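The file final32.json comes next; it holds JSON, C-alpha atoms.
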```json
[["chain", "number", "residue", "atom", "x", "y", "z"],
["S", 1, "VAL", "CA", 0.00, 0.00, 0.00],
["S", 2, "PHE", "CA", 2.87, 2.36, 0.81],
["S", 3, "GLU", "CA", 4.15, 1.97, -2.77],
["S", 4, "LEU", "CA", 0.82, 3.25, -4.14],
["S", 5, "PHE", "CA", 1.58, 6.68, -2.72],
["S", 6, "ARG", "CA", 5.28, 6.82, -3.57],
["S", 7, "ALA", "CA", 4.67, 6.92, -7.33],
["S", 8, "GLN", "CA", 8.05, 5.32, -8.05],
["S", 9, "PRO", "CA", 8.63, 3.44, -11.32],
["S", 10, "ARG", "CA", 10.00, 0.26, -9.67],
["S", 11, "SER", "CA", 7.38, -0.55, -7.04],
["S", 12, "PHE", "CA", 7.71, -4.33, -7.46],
["S", 13, "GLU", "CA", 11.47, -4.12, -6.96],
["S", 14, "ASN", "CA", 11.03, -1.94, -3.85],
["S", 15, "ILE", "CA", 8.53, -4.36, -2.32],
["S", 16, "SER", "CA", 10.79, -7.32, -3.14],
["S", 17, "ILE", "CA", 13.78, -5.70, -1.49],
["S", 18, "THR", "CA", 11.77, -4.86, 1.62],
["S", 19, "LEU", "CA", 10.35, -8.37, 1.99],
["S", 20, "THR", "CA", 13.72, -9.97, 1.33],
["S", 21, "GLY", "CA", 15.19, -7.92, 4.17],
["S", 22, "VAL", "CA", 12.47, -9.12, 6.52],
["S", 23, "PHE", "CA", 13.05, -12.77, 5.69],
["S", 24, "TYR", "CA", 16.83, -12.42, 5.54],
["S", 25, "VAL", "CA", 17.21, -10.74, 8.94],
["S", 26, "VAL", "CA", 14.05, -11.08, 11.03],
["S", 27, "LEU", "CA", 13.26, -14.76, 10.45],
["S", 28, "PRO", "CA", 16.65, -16.09, 11.68],
["S", 29, "PHE", "CA", 16.50, -13.95, 14.83],
["S", 30, "PHE", "CA", 12.99, -15.19, 15.49],
["S", 31, "LEU", "CA", 14.10, -18.80, 15.03],
["S", 32, "ILE", "CA", 17.12, -18.44, 17.32],
["S", 33, "ASN", "CA", 14.80, -17.54, 20.18],
["S", 34, "ILE", "CA", 12.70, -20.61, 19.51],
["S", 35, "ILE", "CA", 15.83, -22.78, 19.53],
["S", 36, "GLY", "CA", 16.40, -21.65, 23.12],
["S", 37, "LEU", "CA", 13.01, -22.97, 24.21],
["S", 38, "GLN", "CA", 12.91, -26.34, 25.91],
["S", 39, "PRO", "CA", 9.84, -28.55, 26.12],
["S", 40, "GLY", "CA", 7.77, -27.49, 29.11],
["S", 41, "CYS", "CA", 6.58, -24.15, 30.28],
["S", 42, "GLY", "CA", 7.85, -21.36, 32.44],
["S", 43, "PRO", "CA", 11.11, -19.43, 32.62],
["S", 44, "THR", "CA", 13.11, -22.57, 33.51],
["S", 45, "SER", "CA", 12.27, -24.02, 30.10],
["S", 46, "TYR", "CA", 14.55, -21.56, 28.31],
["S", 47, "ASN", "CA", 18.09, -22.80, 27.72],
["S", 48, "PRO", "CA", 20.51, -19.98, 26.85],
["S", 49, "TRP", "CA", 23.25, -22.54, 26.12],
["S", 50, "SER", "CA", 21.33, -23.64, 23.03],
["S", 51, "ILE", "CA", 21.78, -20.16, 21.62],
["S", 52, "LEU", "CA", 25.24, -19.43, 22.99],
["S", 53, "SER", "CA", 26.60, -22.69, 21.60],
["S", 54, "ILE", "CA", 25.57, -21.64, 18.07],
["S", 55, "PHE", "CA", 27.45, -18.37, 18.47],
["S", 56, "ILE", "CA", 30.48, -20.15, 19.94],
["S", 57, "LEU", "CA", 30.65, -22.49, 16.94],
["S", 58, "ILE", "CA", 30.31, -19.61, 14.48],
["S", 59, "TRP", "CA", 32.91, -17.50, 16.32],
["S", 60, "CYS", "CA", 35.35, -20.43, 16.43],
["S", 61, "ASN", "CA", 34.88, -21.01, 12.73],
["S", 62, "ASP", "CA", 35.33, -17.33, 11.85],
["S", 63, "THR", "CA", 38.31, -16.79, 14.14],
["S", 64, "PHE", "CA", 40.23, -19.90, 13.18],
["S", 65, "ALA", "CA", 39.40, -19.55, 9.48],
["S", 66, "TYR", "CA", 40.97, -16.09, 9.65],
["S", 67, "LEU", "CA", 44.01, -17.25, 11.64],
["S", 68, "THR", "CA", 44.61, -20.37, 9.55],
["S", 69, "GLY", "CA", 44.13, -18.44, 6.32],
["S", 70, "ARG", "CA", 46.57, -15.74, 7.40],
["S", 71, "LEU", "CA", 49.10, -18.33, 8.56],
["S", 72, "ILE", "CA", 49.08, -20.90, 5.74],
["S", 73, "GLY", "CA", 46.45, -19.75, 3.22],
["S", 74, "LYS", "CA", 47.52, -19.94, -0.41],
["S", 75, "HIS", "CA", 44.55, -21.13, -2.48],
["S", 76, "LYS", "CA", 41.75, -18.61, -2.93],
["S", 77, "LEU", "CA", 38.28, -19.83, -1.97],
["S", 78, "PHE", "CA", 36.12, -17.40, -3.96],
["S", 79, "GLU", "CA", 38.40, -14.59, -5.12],
["S", 80, "ARG", "CA", 35.78, -12.70, -7.13],
["S", 81, "ILE", "CA", 33.57, -12.25, -4.05],
["S", 82, "SER", "CA", 35.99, -12.36, -1.11],
["S", 83, "PRO", "CA", 39.61, -12.09, -2.26],
["S", 84, "LYS", "CA", 41.21, -12.80, 1.14],
["S", 85, "LYS", "CA", 39.37, -16.05, 1.93],
["S", 86, "THR", "CA", 41.34, -19.23, 1.31],
["S", 87, "TRP", "CA", 40.59, -22.94, 1.20],
["S", 88, "GLU", "CA", 43.12, -23.49, 3.94],
["S", 89, "GLY", "CA", 41.33, -20.95, 6.13],
["S", 90, "PHE", "CA", 37.98, -22.55, 5.37],
["S", 91, "ILE", "CA", 39.25, -26.02, 6.32],
["S", 92, "GLY", "CA", 40.98, -24.68, 9.46],
["S", 93, "GLY", "CA", 37.80, -22.89, 10.53],
["S", 94, "VAL", "CA", 35.66, -26.01, 10.08],
["S", 95, "PHE", "CA", 38.25, -28.17, 11.88],
["S", 96, "PHE", "CA", 38.43, -25.91, 14.94],
["S", 97, "ALA", "CA", 34.64, -25.46, 14.97],
["S", 98, "MET", "CA", 34.38, -29.26, 15.15],
["S", 99, "ILE", "CA", 36.78, -29.29, 18.10],
["S", 100, "ALA", "CA", 34.61, -26.64, 19.76],
["S", 101, "GLY", "CA", 31.54, -28.78, 19.00],
["S", 102, "ILE", "CA", 33.14, -31.78, 20.70],
["S", 103, "LEU", "CA", 34.02, -29.67, 23.75],
["S", 104, "LEU", "CA", 30.51, -28.19, 23.91],
["S", 105, "ALA", "CA", 28.93, -31.65, 23.67],
["S", 106, "TYR", "CA", 31.17, -32.87, 26.48],
["S", 107, "PHE", "CA", 30.55, -29.94, 28.85],
["S", 108, "LEU", "CA", 26.83, -29.63, 28.05],
["S", 109, "GLU", "CA", 26.38, -33.41, 28.19],
["S", 110, "GLU", "CA", 24.79, -33.41, 24.75],
["S", 111, "SER", "CA", 25.12, -35.67, 21.73],
["S", 112, "TYR", "CA", 28.53, -35.57, 20.04],
["S", 113, "VAL", "CA", 26.91, -36.28, 16.67],
["S", 114, "LYS", "CA", 24.56, -33.33, 17.16],
["S", 115, "TYR", "CA", 27.31, -30.84, 18.03],
["S", 116, "ILE", "CA", 29.73, -32.05, 15.37],
["S", 117, "THR", "CA", 26.89, -31.66, 12.86],
["S", 118, "TYR", "CA", 26.23, -28.15, 14.17],
["S", 119, "ALA", "CA", 29.94, -27.36, 13.87],
["S", 120, "LEU", "CA", 29.89, -28.50, 10.23],
["S", 121, "VAL", "CA", 26.82, -26.35, 9.63],
["S", 122, "ALA", "CA", 28.52, -23.37, 11.30],
["S", 123, "GLY", "CA", 31.63, -23.87, 9.18],
["S", 124, "ILE", "CA", 30.10, -24.62, 5.81],
["S", 125, "ILE", "CA", 26.80, -22.74, 5.87],
["S", 126, "GLY", "CA", 28.34, -19.88, 7.89],
["S", 127, "THR", "CA", 30.99, -19.40, 5.21],
["S", 128, "LEU", "CA", 28.28, -19.38, 2.54],
["S", 129, "GLY", "CA", 26.42, -16.73, 4.54],
["S", 130, "ASP", "CA", 29.58, -14.64, 4.70],
["S", 131, "LEU", "CA", 30.10, -15.02, 0.95],
["S", 132, "VAL", "CA", 26.48, -14.07, 0.21],
["S", 133, "GLN", "CA", 26.84, -10.96, 2.39],
["S", 134, "SER", "CA", 30.04, -10.05, 0.52],
["S", 135, "MET", "CA", 28.28, -10.61, -2.81],
["S", 136, "LEU", "CA", 25.39, -8.37, -1.79],
["S", 137, "LYS", "CA", 27.76, -5.60, -0.71],
["S", 138, "ARG", "CA", 29.77, -5.87, -3.93],
["S", 139, "SER", "CA", 26.59, -5.75, -6.02],
["S", 140, "VAL", "CA", 25.83, -2.28, -4.63],
["S", 141, "ASP", "CA", 29.49, -1.13, -4.45],
["S", 142, "VAL", "CA", 29.60, -0.92, -0.66],
["S", 143, "LYS", "CA", 32.63, -2.00, 1.39],
["S", 144, "ASP", "CA", 30.97, -2.12, 4.82],
["S", 145, "SER", "CA", 27.36, -2.75, 5.81],
["S", 146, "GLY", "CA", 27.57, 0.04, 8.39],
["S", 147, "THR", "CA", 29.88, 2.28, 10.40],
["S", 148, "ILE", "CA", 28.89, 1.40, 13.97],
["S", 149, "LEU", "CA", 31.74, -1.14, 14.26],
["S", 150, "PRO", "CA", 34.75, 0.41, 12.49],
["S", 151, "GLY", "CA", 37.08, -2.22, 11.03],
["S", 152, "HIS", "CA", 34.47, -4.97, 11.31],
["S", 153, "GLY", "CA", 32.46, -4.30, 8.18],
["S", 154, "GLY", "CA", 29.35, -3.19, 10.04],
["S", 155, "ILE", "CA", 26.75, -4.86, 12.22],
["S", 156, "LEU", "CA", 25.36, -7.06, 9.44],
["S", 157, "ASP", "CA", 28.85, -8.45, 8.80],
["S", 158, "ARG", "CA", 28.98, -9.67, 12.41],
["S", 159, "PHE", "CA", 25.80, -11.65, 11.84],
["S", 160, "ASP", "CA", 26.10, -12.80, 8.21],
["S", 161, "ALA", "CA", 26.90, -16.39, 9.21],
["S", 162, "VAL", "CA", 24.22, -16.40, 11.92],
["S", 163, "LEU", "CA", 21.54, -15.43, 9.39],
["S", 164, "PHE", "CA", 22.30, -18.56, 7.36],
["S", 165, "VAL", "CA", 23.24, -21.00, 10.13],
["S", 166, "VAL", "CA", 20.26, -20.50, 12.45],
["S", 167, "PRO", "CA", 17.53, -21.64, 10.02],
["S", 168, "VAL", "CA", 19.53, -24.80, 9.23],
["S", 169, "ILE", "CA", 20.09, -25.58, 12.92],
["S", 170, "PHE", "CA", 16.41, -24.89, 13.61],
["S", 171, "PHE", "CA", 15.50, -27.42, 10.92],
["S", 172, "LEU", "CA", 17.95, -29.96, 12.37],
["S", 173, "GLU", "CA", 16.60, -29.42, 15.90],
["S", 174, "LYS", "CA", 13.00, -29.73, 14.77],
["S", 175, "PHE", "CA", 13.25, -32.64, 12.34],
["S", 176, "ILE", "CA", 16.53, -34.52, 12.84],
["S", 177, "PHE", "CA", 17.53, -34.18, 16.51],
["S", 178, "VAL", "CA", 13.82, -33.92, 17.35],
["S", 179, "LYS", "CA", 13.26, -31.35, 20.02],
["S", 180, "SER", "CA", 9.65, -30.39, 20.53],
["S", 181, "PHE", "CA", 8.84, -26.70, 20.08],
["S", 182, "PHE", "CA", 5.45, -25.38, 21.22]]
```
Here is a file; write its structure as structure tokens.
Amino acid sequence: VFELFRAQPRSFENISITLTGVFYVVLPFFLINIIGLQPGCGPTSYNPWSILSIFILIWCNDTFAYLTGRLIGKHKLFERISPKKTWEGFIGGVFFAMIAGILLAYFLEESYVKYITYALVAGIIGTLGDLVQSMLKRSVDVKDSGTILPGHGGILDRFDAVLFVVPVIFFLEKFIFVKSFF
């Protein structure tokens, strides 16, 4: 309805961009809150470790992908989109995320298969999320998605992996590692 009154020539494109933003950003943050819910009711049925563990896996992947890539990276992963990412960094990030997944499973007394799977998701899908974010920025000739965090590429860059990883982990929780929501 808003587009009716704007009288712009590309109303369909404007609506598409707006709706894409809602699904791209809002849906994953909605799902991450549901992941924290445990079967039952009341405040004790919320498990913050479910959410924190996702961030830990993503941070381990990002940090160790960067460190491994800087240390031994030689083969470019996707030079056209992200010229500094390397295959060695990607593999190092996934490897250390899997170690973090094993440690989380041990300390949280959870399934090792579940947390190793989540680590793989954080490493592989998180990297794809980062590449998609880089592609979107390059398509509009923008280096950073904001200026609030100087040197970090903006707020959206801090969450690019999360936006892709959370829906996959939600699906795994709901249908593979069957955890009842609602």
**Å distance separating CA of Arg80 in chain S from CA of Tyr66 in chain S, one decimal place** =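 Distance between the two atoms: 17.9 Å.
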**Item:** Distance criterion (all atoms listed in the file): nearest to Ile125 in chain S out of S:Ala105, S:Ser53, S:Ile58, S:Phe5
**Value:** S:Ile58
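Point (41.1, -21.0, 7.6) has the following residues at most 10 Å away: Asn61, Asp62, Thr63, Phe64, Ala65, Tyr66, Leu67, Thr68, Gly69, Arg70, Leu71, Ile72, Gly73, Lys85, Thr86, Trp87, Glu88, Gly89, Phe90, Ile91, Gly92, Gly93, Val94, Phe95 and Phe96 of chain S (atoms considered: all atoms listed in the file).
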**Message:** Report, in Å with one decimal, the straight-line distance from CA of Val162 in chain S to CA of Ile17 in chain S.
**Reply:**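 Rounded to one decimal, the two atoms are 20.1 Å apart.
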**Item:** Long-range neighbours of Leu52 in chain S as number ranges by chain, 12 Å cut-off, all atoms listed in the file, 3 positions minimum in chain
**Value:** S: 32-33, 35-36, 47-49, 55-59, 101, 104, 108, 162, 166
**Request:** Go through S:Leu27, S:Val113, S:Ala119, S:Ala100 and flag the residue nearest Ile176 in chain S, using only C-alpha atoms for the distances.
**Result:**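 Once distances to Ile176 in chain S are computed over only C-alpha atoms, the minimum belongs to S:Val113.
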**Asked** Which residues, protein or nucleic acid, reach to within 12 Å of (15.0, -12.5, 9.8) in the file's coordinates when using only C-alpha atoms, and can you give that as a ChimeraX atom specification?
**Response** /S:18-33,156,159-160,162-167
**Prompt:** Could you work out how far CA of Val121 in chain S lies from CA of Ile102 in chain S, giving the answer in Å with one decimal?
**Reply:** 13.9 Å
How would range 84-95 of chain S read, as a PDB file, in the coordinates of the input, once all heavy atoms are built in?
```
ATOM      1  N   LYS S  84      40.280 -12.377   0.083  1.00  0.00           N
ATOM      2  CA  LYS S  84      41.210 -12.800   1.140  1.00  0.00           C
ATOM      3  C   LYS S  84      40.894 -14.172   1.715  1.00  0.00           C
ATOM      4  O   LYS S  84      41.701 -14.730   2.434  1.00  0.00           O
ATOM      5  CB  LYS S  84      41.240 -11.759   2.257  1.00  0.00           C
ATOM      6  CG  LYS S  84      41.830 -10.439   1.814  1.00  0.00           C
ATOM      7  CD  LYS S  84      41.887  -9.450   2.950  1.00  0.00           C
ATOM      8  CE  LYS S  84      42.470  -8.136   2.475  1.00  0.00           C
ATOM      9  NZ  LYS S  84      42.490  -7.146   3.540  1.00  0.00           N
ATOM     10  N   LYS S  85      39.721 -14.730   1.405  1.00  0.00           N
ATOM     11  CA  LYS S  85      39.370 -16.050   1.930  1.00  0.00           C
ATOM     12  C   LYS S  85      40.117 -17.142   1.164  1.00  0.00           C
ATOM     13  O   LYS S  85      40.200 -17.103  -0.050  1.00  0.00           O
ATOM     14  CB  LYS S  85      37.867 -16.291   1.823  1.00  0.00           C
ATOM     15  CG  LYS S  85      37.077 -15.497   2.817  1.00  0.00           C
ATOM     16  CD  LYS S  85      35.667 -16.026   2.897  1.00  0.00           C
ATOM     17  CE  LYS S  85      34.784 -15.244   3.809  1.00  0.00           C
ATOM     18  NZ  LYS S  85      35.368 -14.479   4.825  1.00  0.00           N
ATOM     19  N   THR S  86      40.621 -18.128   1.930  1.00  0.00           N
ATOM     20  CA  THR S  86      41.340 -19.230   1.310  1.00  0.00           C
ATOM     21  C   THR S  86      40.732 -20.567   1.692  1.00  0.00           C
ATOM     22  O   THR S  86      40.035 -20.679   2.708  1.00  0.00           O
ATOM     23  CB  THR S  86      42.831 -19.233   1.737  1.00  0.00           C
ATOM     24  OG1 THR S  86      42.905 -19.472   3.153  1.00  0.00           O
ATOM     25  CG2 THR S  86      43.521 -17.923   1.388  1.00  0.00           C
ATOM     26  N   TRP S  87      41.035 -21.586   0.885  1.00  0.00           N
ATOM     27  CA  TRP S  87      40.590 -22.940   1.200  1.00  0.00           C
ATOM     28  C   TRP S  87      41.210 -23.428   2.501  1.00  0.00           C
ATOM     29  O   TRP S  87      40.565 -24.105   3.285  1.00  0.00           O
ATOM     30  CB  TRP S  87      40.948 -23.893   0.049  1.00  0.00           C
ATOM     31  CG  TRP S  87      39.964 -23.808  -1.069  1.00  0.00           C
ATOM     32  CD1 TRP S  87      40.124 -23.183  -2.267  1.00  0.00           C
ATOM     33  CD2 TRP S  87      38.649 -24.375  -1.084  1.00  0.00           C
ATOM     34  NE1 TRP S  87      38.991 -23.304  -3.021  1.00  0.00           N
ATOM     35  CE2 TRP S  87      38.069 -24.045  -2.320  1.00  0.00           C
ATOM     36  CE3 TRP S  87      37.904 -25.115  -0.174  1.00  0.00           C
ATOM     37  CZ2 TRP S  87      36.779 -24.439  -2.665  1.00  0.00           C
ATOM     38  CZ3 TRP S  87      36.621 -25.516  -0.525  1.00  0.00           C
ATOM     39  CH2 TRP S  87      36.074 -25.174  -1.752  1.00  0.00           C
ATOM     40  N   GLU S  88      42.459 -23.080   2.710  1.00  0.00           N
ATOM     41  CA  GLU S  88      43.120 -23.490   3.940  1.00  0.00           C
ATOM     42  C   GLU S  88      42.439 -22.875   5.167  1.00  0.00           C
ATOM     43  O   GLU S  88      42.243 -23.549   6.180  1.00  0.00           O
ATOM     44  CB  GLU S  88      44.606 -23.088   3.908  1.00  0.00           C
ATOM     45  CG  GLU S  88      45.426 -23.812   2.864  1.00  0.00           C
ATOM     46  CD  GLU S  88      45.362 -23.183   1.466  1.00  0.00           C
ATOM     47  OE1 GLU S  88      44.645 -22.177   1.272  1.00  0.00           O
ATOM     48  OE2 GLU S  88      46.033 -23.714   0.563  1.00  0.00           O
ATOM     49  N   GLY S  89      42.059 -21.606   5.054  1.00  0.00           N
ATOM     50  CA  GLY S  89      41.330 -20.950   6.130  1.00  0.00           C
ATOM     51  C   GLY S  89      39.977 -21.588   6.361  1.00  0.00           C
ATOM     52  O   GLY S  89      39.558 -21.812   7.500  1.00  0.00           O
ATOM     53  N   PHE S  90      39.288 -21.893   5.274  1.00  0.00           N
ATOM     54  CA  PHE S  90      37.980 -22.550   5.370  1.00  0.00           C
ATOM     55  C   PHE S  90      38.104 -23.890   6.101  1.00  0.00           C
ATOM     56  O   PHE S  90      37.355 -24.160   7.042  1.00  0.00           O
ATOM     57  CB  PHE S  90      37.409 -22.751   3.962  1.00  0.00           C
ATOM     58  CG  PHE S  90      36.196 -23.630   3.918  1.00  0.00           C
ATOM     59  CD1 PHE S  90      34.972 -23.170   4.387  1.00  0.00           C
ATOM     60  CD2 PHE S  90      36.274 -24.910   3.396  1.00  0.00           C
ATOM     61  CE1 PHE S  90      33.840 -23.990   4.342  1.00  0.00           C
ATOM     62  CE2 PHE S  90      35.163 -25.731   3.348  1.00  0.00           C
ATOM     63  CZ  PHE S  90      33.946 -25.272   3.820  1.00  0.00           C
ATOM     64  N   ILE S  91      39.062 -24.703   5.694  1.00  0.00           N
ATOM     65  CA  ILE S  91      39.250 -26.020   6.320  1.00  0.00           C
ATOM     66  C   ILE S  91      39.666 -25.871   7.783  1.00  0.00           C
ATOM     67  O   ILE S  91      39.153 -26.573   8.659  1.00  0.00           O
ATOM     68  CB  ILE S  91      40.276 -26.855   5.517  1.00  0.00           C
ATOM     69  CG1 ILE S  91      39.680 -27.202   4.149  1.00  0.00           C
ATOM     70  CG2 ILE S  91      40.684 -28.110   6.276  1.00  0.00           C
ATOM     71  CD1 ILE S  91      40.689 -27.737   3.140  1.00  0.00           C
ATOM     72  N   GLY S  92      40.565 -24.932   8.069  1.00  0.00           N
ATOM     73  CA  GLY S  92      40.980 -24.680   9.460  1.00  0.00           C
ATOM     74  C   GLY S  92      39.819 -24.232  10.324  1.00  0.00           C
ATOM     75  O   GLY S  92      39.671 -24.665  11.469  1.00  0.00           O
ATOM     76  N   GLY S  93      38.962 -23.362   9.787  1.00  0.00           N
ATOM     77  CA  GLY S  93      37.800 -22.890  10.530  1.00  0.00           C
ATOM     78  C   GLY S  93      36.838 -24.030  10.855  1.00  0.00           C
ATOM     79  O   GLY S  93      36.374 -24.162  11.989  1.00  0.00           O
ATOM     80  N   VAL S  94      36.565 -24.879   9.864  1.00  0.00           N
ATOM     81  CA  VAL S  94      35.660 -26.010  10.080  1.00  0.00           C
ATOM     82  C   VAL S  94      36.275 -26.982  11.097  1.00  0.00           C
ATOM     83  O   VAL S  94      35.589 -27.469  12.003  1.00  0.00           O
ATOM     84  CB  VAL S  94      35.337 -26.725   8.750  1.00  0.00           C
ATOM     85  CG1 VAL S  94      34.586 -28.029   8.995  1.00  0.00           C
ATOM     86  CG2 VAL S  94      34.528 -25.814   7.838  1.00  0.00           C
ATOM     87  N   PHE S  95      37.568 -27.245  10.966  1.00  0.00           N
ATOM     88  CA  PHE S  95      38.250 -28.170  11.880  1.00  0.00           C
ATOM     89  C   PHE S  95      38.145 -27.694  13.329  1.00  0.00           C
ATOM     90  O   PHE S  95      37.763 -28.447  14.225  1.00  0.00           O
ATOM     91  CB  PHE S  95      39.715 -28.330  11.468  1.00  0.00           C
ATOM     92  CG  PHE S  95      40.514 -29.169  12.416  1.00  0.00           C
ATOM     93  CD1 PHE S  95      40.401 -30.553  12.420  1.00  0.00           C
ATOM     94  CD2 PHE S  95      41.392 -28.569  13.319  1.00  0.00           C
ATOM     95  CE1 PHE S  95      41.131 -31.324  13.304  1.00  0.00           C
ATOM     96  CE2 PHE S  95      42.132 -29.332  14.204  1.00  0.00           C
ATOM     97  CZ  PHE S  95      42.002 -30.717  14.200  1.00  0.00           C
TER      98      PHE S  95
END
```
